[in-house]
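**Student:** mmCIF, C-alpha atoms, file structure21.cif:
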```cif
data_final
loop_
_atom_site.label_atom_id
_atom_site.label_comp_id
_atom_site.auth_asym_id
_atom_site.auth_seq_id
_atom_site.Cartn_x
_atom_site.Cartn_y
_atom_site.Cartn_z
CA MET A 1 117.36 120.66 95.13
CA ASN A 2 114.84 117.99 94.45
CA GLU A 3 113.12 118.19 91.13
CA PRO A 4 109.49 117.24 90.65
CA ALA A 5 109.07 113.75 89.29
CA ALA A 6 108.12 113.45 85.68
CA GLY A 7 104.38 113.66 85.26
CA CYS A 8 103.83 115.59 88.48
CA GLU A 9 105.01 119.08 87.59
CA PHE A 10 102.12 119.74 85.21
CA VAL A 11 99.62 119.92 88.04
CA ALA A 12 100.60 123.41 89.19
CA GLU A 13 100.22 124.84 85.70
CA ALA A 14 97.32 122.73 84.60
CA PRO A 15 94.04 124.25 83.48
CA ALA A 16 91.35 124.04 86.13
CA ASP A 17 89.55 121.15 84.46
CA LEU A 18 92.70 119.09 84.22
CA ALA A 19 93.51 119.75 87.86
CA SER A 20 90.02 118.58 88.79
CA ALA A 21 90.43 115.45 86.70
CA GLU A 22 93.69 114.73 88.49
CA PHE A 23 92.02 115.29 91.83
CA SER A 24 89.13 113.04 90.85
CA SER A 25 91.59 110.28 90.07
CA LEU A 26 93.49 110.93 93.29
CA TYR A 27 90.31 110.63 95.31
CA ALA A 28 89.08 107.52 93.50
CA GLU A 29 92.34 105.68 94.04
CA ASN A 30 93.05 106.69 97.62
CA SER A 31 89.86 107.62 99.47
CA ARG A 32 89.23 104.13 100.80
CA ALA A 33 92.75 103.84 102.23
CA ILE A 34 92.66 107.28 103.82
CA TYR A 35 89.14 106.87 105.20
CA TYR A 36 89.96 103.48 106.68
CA LEU A 37 93.10 104.81 108.34
CA ALA A 38 91.15 107.73 109.80
CA LEU A 39 88.28 105.51 110.91
CA ARG A 40 90.38 102.96 112.72
CA PHE A 41 92.90 105.47 114.04
CA LEU A 42 90.27 107.86 115.40
CA GLY A 43 87.65 105.20 116.12
CA ASP A 44 84.74 107.45 115.19
CA PRO A 45 82.96 107.46 111.80
CA GLN A 46 81.92 111.12 111.95
CA LYS A 47 85.43 112.23 112.86
CA ALA A 48 86.85 109.96 110.19
CA GLU A 49 84.51 111.51 107.64
CA ASP A 50 85.56 115.02 108.65
CA ALA A 51 89.22 114.04 108.68
CA THR A 52 89.05 112.43 105.23
CA HIS A 53 87.37 115.53 103.84
CA ASP A 54 90.01 117.77 105.41
CA VAL A 55 92.90 115.60 104.21
CA PHE A 56 91.72 115.65 100.60
CA LEU A 57 90.94 119.35 100.78
CA LYS A 58 94.50 119.98 101.93
CA ALA A 59 95.74 117.77 99.13
CA PHE A 60 93.62 119.66 96.61
CA ARG A 61 95.08 122.97 97.75
CA LYS A 62 98.63 121.68 97.88
CA LEU A 63 98.76 119.52 94.78
CA ASP A 64 101.10 122.07 93.23
CA GLN A 65 103.50 121.51 96.13
CA PHE A 66 103.70 117.78 95.59
CA ARG A 67 107.20 117.25 94.29
CA GLY A 68 107.11 113.56 93.55
CA GLU A 69 109.66 112.64 96.23
CA ALA A 70 107.21 110.04 97.46
CA SER A 71 104.21 108.33 95.94
CA LEU A 72 100.92 110.19 96.05
CA ARG A 73 99.59 107.53 98.40
CA THR A 74 102.49 108.12 100.81
CA TRP A 75 102.05 111.88 100.53
CA LEU A 76 98.36 111.56 101.39
CA TYR A 77 99.13 109.24 104.28
CA ARG A 78 101.56 111.80 105.67
CA ILE A 79 98.88 114.49 105.58
CA ALA A 80 96.35 112.09 107.13
CA ILE A 81 98.65 110.92 109.92
CA ASN A 82 99.57 114.47 110.91
CA HIS A 83 95.93 115.49 110.80
CA CYS A 84 94.67 112.54 112.84
CA GLN A 85 97.45 112.81 115.41
CA ASN A 86 96.70 116.51 115.85
CA LEU A 87 93.03 115.73 116.32
CA ARG A 88 93.71 113.05 118.91
CA GLN A 89 96.06 115.33 120.76
CA ALA A 90 93.53 118.16 120.74
CA TRP A 91 90.47 116.18 121.67
CA HIS A 92 91.71 113.99 124.51
CA ASP A 93 88.43 112.22 124.39
CA ARG A 94 87.47 108.62 124.28
CA HIS A 95 85.17 107.27 121.62
CA MET A 96 82.52 104.61 121.95
CA PHE A 97 83.74 101.80 119.75
CA SER A 98 80.41 99.99 120.09
CA ASN A 99 78.71 102.69 118.01
CA ALA A 100 81.41 103.11 115.42
CA ASP A 101 80.48 100.30 113.09
CA ASP A 102 76.75 100.89 113.47
CA ALA A 103 77.20 104.35 112.04
CA VAL A 104 79.42 103.13 109.23
CA TRP A 105 76.82 100.64 108.10
CA GLU A 106 73.84 102.90 108.65
CA ASN A 107 75.43 105.45 106.33
CA ALA A 108 76.59 102.93 103.77
CA ALA A 109 74.80 102.51 100.50
CA ALA A 110 72.89 99.27 100.16
CA GLY A 111 75.29 96.58 99.10
CA THR A 112 74.95 93.09 97.77
CA ASP A 113 76.00 91.32 100.97
CA SER A 114 73.42 89.23 102.75
CA PRO A 115 72.24 90.41 106.20
CA LEU A 116 74.19 87.59 107.80
CA ARG A 117 77.36 88.60 106.04
CA VAL A 118 76.85 92.28 106.87
CA LEU A 119 76.44 91.29 110.51
CA GLU A 120 79.59 89.20 110.40
CA ILE A 121 81.61 92.06 108.89
CA LYS A 122 80.12 94.56 111.31
CA GLU A 123 80.96 92.42 114.32
CA LEU A 124 84.46 91.88 113.03
CA GLY A 125 84.85 95.62 112.59
CA GLN A 126 83.76 96.22 116.17
CA ARG A 127 86.24 93.68 117.48
CA ILE A 128 89.03 95.14 115.36
CA GLN A 129 88.24 98.64 116.62
CA LYS A 130 88.20 97.45 120.23
CA THR A 131 91.52 95.70 119.71
CA LEU A 132 93.14 98.70 118.02
CA ASP A 133 91.91 100.91 120.86
CA GLY A 134 93.92 98.75 123.22
CA LEU A 135 97.15 99.23 121.29
CA SER A 136 99.59 102.09 121.60
CA ASP A 137 99.32 104.78 118.91
CA GLU A 138 102.60 103.54 117.49
CA TYR A 139 101.48 99.92 117.08
CA ARG A 140 98.03 100.93 115.83
CA LEU A 141 99.48 103.15 113.13
CA LEU A 142 102.12 100.61 112.20
CA LEU A 143 99.60 97.83 111.65
CA LEU A 144 97.25 100.05 109.68
CA LEU A 145 100.04 101.17 107.36
CA VAL A 146 101.57 97.73 106.89
CA ALA A 147 98.10 96.42 106.06
CA ASP A 148 98.18 98.62 102.95
CA GLU A 149 99.81 96.36 100.38
CA GLU A 150 100.78 99.35 98.27
CA LEU A 151 103.27 100.47 100.90
CA SER A 152 106.73 98.93 101.27
CA TYR A 153 108.48 98.60 104.63
CA GLU A 154 110.69 101.48 103.51
CA GLN A 155 107.66 103.68 102.89
CA VAL A 156 106.05 102.69 106.18
CA GLY A 157 109.36 103.40 107.92
CA ALA A 158 109.51 106.85 106.34
CA LEU A 159 105.97 107.60 107.49
CA VAL A 160 106.56 106.57 111.10
CA GLY A 161 110.15 107.81 111.34
CA GLN A 162 111.73 104.36 111.68
CA SER A 163 114.14 102.27 109.68
CA PRO A 164 112.69 99.33 107.71
CA ASP A 165 114.39 96.93 110.15
CA ALA A 166 112.85 98.71 113.10
CA VAL A 167 109.46 98.49 111.38
CA ARG A 168 109.86 94.73 110.96
CA GLY A 169 110.85 94.29 114.62
CA LYS A 170 108.02 96.40 115.95
CA LEU A 171 105.58 94.80 113.58
CA HIS A 172 106.32 91.41 115.09
CA ARG A 173 105.52 92.73 118.58
CA ALA A 174 102.48 94.65 117.32
CA ARG A 175 101.07 91.49 115.74
CA LYS A 176 101.50 89.53 118.96
CA THR A 177 99.87 92.25 121.02
CA PHE A 178 97.02 92.58 118.52
CA ALA A 179 96.40 88.83 118.54
CA ALA A 180 96.39 88.66 122.34
CA LEU A 181 93.96 91.57 122.62
CA PHE A 182 91.74 90.35 119.79
CA VAL A 183 91.10 87.04 121.54
CA LYS A 184 89.80 88.94 124.55
CA THR A 185 87.20 90.76 122.46
CA ALA A 186 85.32 87.53 121.71
CA MET B 1 57.33 57.99 102.41
CA LYS B 2 57.15 61.09 100.27
CA GLN B 3 56.74 63.18 103.43
CA GLN B 4 59.85 61.57 104.89
CA THR B 5 61.77 62.41 101.75
CA LYS B 6 60.50 65.98 101.93
CA LEU B 7 61.56 66.27 105.57
CA SER B 8 64.89 64.83 104.74
CA GLU B 9 65.40 67.45 102.02
CA GLN B 10 64.47 70.22 104.42
CA GLN B 11 66.84 68.86 107.01
CA GLN B 12 69.59 68.66 104.44
CA GLN B 13 68.98 72.24 103.40
CA GLN B 14 68.98 73.37 107.02
CA HIS B 15 72.18 71.44 107.65
CA ALA B 16 73.80 73.02 104.59
CA ALA B 17 72.74 76.49 105.76
CA GLU B 18 74.15 75.84 109.23
CA GLN B 19 77.39 74.64 107.73
CA GLN B 20 77.63 77.77 105.61
CA THR B 21 77.03 79.91 108.69
CA GLN B 22 79.72 78.08 110.61
CA GLN B 23 82.17 78.45 107.73
CA GLN B 24 81.50 82.18 107.53
CA SER B 25 81.91 82.78 111.24
CA ALA B 26 85.02 80.59 111.39
CA ARG B 27 86.97 82.84 109.02
CA GLU B 28 90.63 82.77 109.88
CA PHE B 29 93.37 85.25 109.15
CA ALA B 30 97.08 84.62 109.03
CA ASN B 31 97.92 87.84 110.86
CA ALA B 32 96.58 91.19 111.96
CA GLU B 33 97.30 92.90 108.63
CA GLU B 34 95.31 90.33 106.70
CA MET B 35 92.35 90.93 109.00
CA LEU B 36 92.70 94.68 108.59
CA ARG B 37 92.85 94.30 104.80
CA TYR B 38 89.64 92.30 104.86
CA ASP B 39 88.01 94.88 107.12
CA ALA B 40 89.19 97.75 104.93
CA ALA B 41 87.87 96.07 101.80
CA HIS B 42 84.44 95.83 103.44
CA THR B 43 84.40 99.35 104.88
CA PRO B 44 82.60 101.69 102.48
CA VAL B 45 83.66 105.31 102.10
CA PRO B 46 80.62 107.51 102.85
CA PRO B 47 79.55 109.20 99.57
CA VAL B 48 78.90 112.40 101.53
CA ILE B 49 82.67 113.00 101.70
CA ALA B 50 82.86 113.40 97.93
CA GLN B 51 79.83 115.68 97.99
CA ARG B 52 81.36 117.83 100.71
CA LEU B 53 84.63 117.99 98.79
CA GLN B 54 82.78 119.06 95.69
CA LYS B 55 81.37 122.01 97.62
CA SER B 56 84.70 122.81 99.26
CA THR B 57 86.62 122.75 96.00
CA GLY B 58 83.82 124.29 93.93
CA GLY B 59 83.88 127.57 92.07
CA PRO B 60 86.05 128.20 89.06
CA THR B 61 87.75 124.81 89.24
CA GLU B 62 84.48 122.91 88.89
CA PRO B 63 84.44 120.85 85.69
CA LYS B 64 81.38 120.63 83.42
CA THR B 65 80.48 117.27 84.93
CA SER B 66 81.53 117.34 88.55
CA TRP B 67 84.13 114.75 89.52
CA TRP B 68 82.05 113.33 92.33
CA LYS B 69 79.12 112.77 89.97
CA ARG B 70 81.41 110.92 87.59
CA LEU B 71 82.67 108.86 90.52
CA PHE B 72 79.28 107.93 91.90
CA GLY B 73 77.32 107.74 88.69
CA GLY B 74 75.27 110.89 88.95
CA THR B 75 73.12 111.95 86.02
CA HIS B 76 74.27 114.51 83.53
CA PRO B 77 72.34 117.79 83.44
#
```
What is this file in structure tokens?

**Tutor:**
Amino acid sequence: MNEPAAGCEFVAEAPADLASAEFSSLYAENSRAIYYLALRFLGDPQKAEDATHDVFLKAFRKLDQFRGEASLRTWLYRIAINHCQNLRQAWHDRHMFSNADDAVWENAAAGTDSPLRVLEIKELGQRIQKTLDGLSDEYRLLLLLVADEELSYEQVGALVGQSPDAVRGKLHRARKTFAALFVKTA
Amino acid sequence: MKQQTKLSEQQQQQHAAEQQTQQQSAREFANAEEMLRYDAAHTPVPPVIAQRLQKSTGGPTEPKTSWWKRLFGGTHP
């Protein structure tokens, strides 16, 4: 059977404070990636917020089951993908992409970007969301995962149930489709 | 003459500002992933998620200084 990777097995037996410290680190290093995946996959900031909370809560409760067969980032992505796909399947609703980035920025803490730059980023986000909405679930997920530089093609392939070669082939078509759709959002 | 110089400076500043605007809006990306990376880097995670998680995972596992306070710079009691 598979043995836990070195450094991972202590979590199940760790004192509560140590487990919380581990979880704090897990959240700090991965929350942006998981939230972004949920946001762009679901297309709704409130749902993305709920999904991110639920994903990390599941992770918190199942940290002792993490066996180190994959990276923690990949493990979290697997939880997030399953969660988001279940939500989409259950809801069968369509979101309003035009409101998505308004809500993200209304809820964001004040940053250092100028109003012009915030507007530019917000508009880009809206166009990206509109473009992703036009893609199949498969292409959308593929692009979002490949965009994470921490993931290899092998890891992306494992997450989407494809070989690395199949990932590369589909990625080429996903890029072309994305580019064609993105131009139309101007 | 001085007024002309002043106007010229204003025009130059306006021209520079317009150029900067054009450069910002003309951002180009090599592919979709690069655009998504840029978007992700500029998409903040709502702090309320950490607060909700703190409540959800609270109880006996709560450390002396909560992990979300350490993350977001909350004050110590």

**Student:** With the PyMOL selection byres ((chain A) within 8 of (chain B)) as the selection, what would be picked from this file? Answer as a PyMOL selection string, please.

**Tutor:** chain A and resi 16-17+19-21+24+28+31-33+35-36+49-50+52-53+56-57+60+104+107-108+117+120-121+124-125+128+143-144+146-148+175+178-179

**Student:** One number please: atom CA of A:Lys176 to atom CA of A:Gln155, in Å, one decimal.

**Tutor:**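 So the answer is 22.3 Å.
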
**Student:** Could you tell me how far atom CA of A:Ala48 sits from atom CA of A:Glu123, in Å to one decimal place?

**Tutor:** 19.0 Å

**Student:** Which polymer residues, whether protein, DNA or RNA, lie within 12 Å of the coordinate (100.3, 110.7, 98.8) when you count all atoms listed in the file? List them as a ChimeraX atom specification, using the chain letters and numbers from the file.

**Tutor:** /A:8,23,26-27,29-31,33-34,55-56,58-60,62-63,65-81,150-151,155,159

**Student:** Could you please determine the separation between atom CA of A:Gln129 and atom CA of A:Ala180 in Å, to one decimal place?

**Tutor:**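 The value is 14.1 Å.
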
**Student:** If the box runs along x, y and z of the file and leaves 3 Å on each side of stretch 72-90 of chain A, what are its centre and edge lengths in Å, one decimal, as AutoDock Vina command-line options?

**Tutor:**
```
--center_x 97.8 --center_y 112.8 --center_z 108.4 --size_x 15.5 --size_y 16.6 --size_z 30.7
```
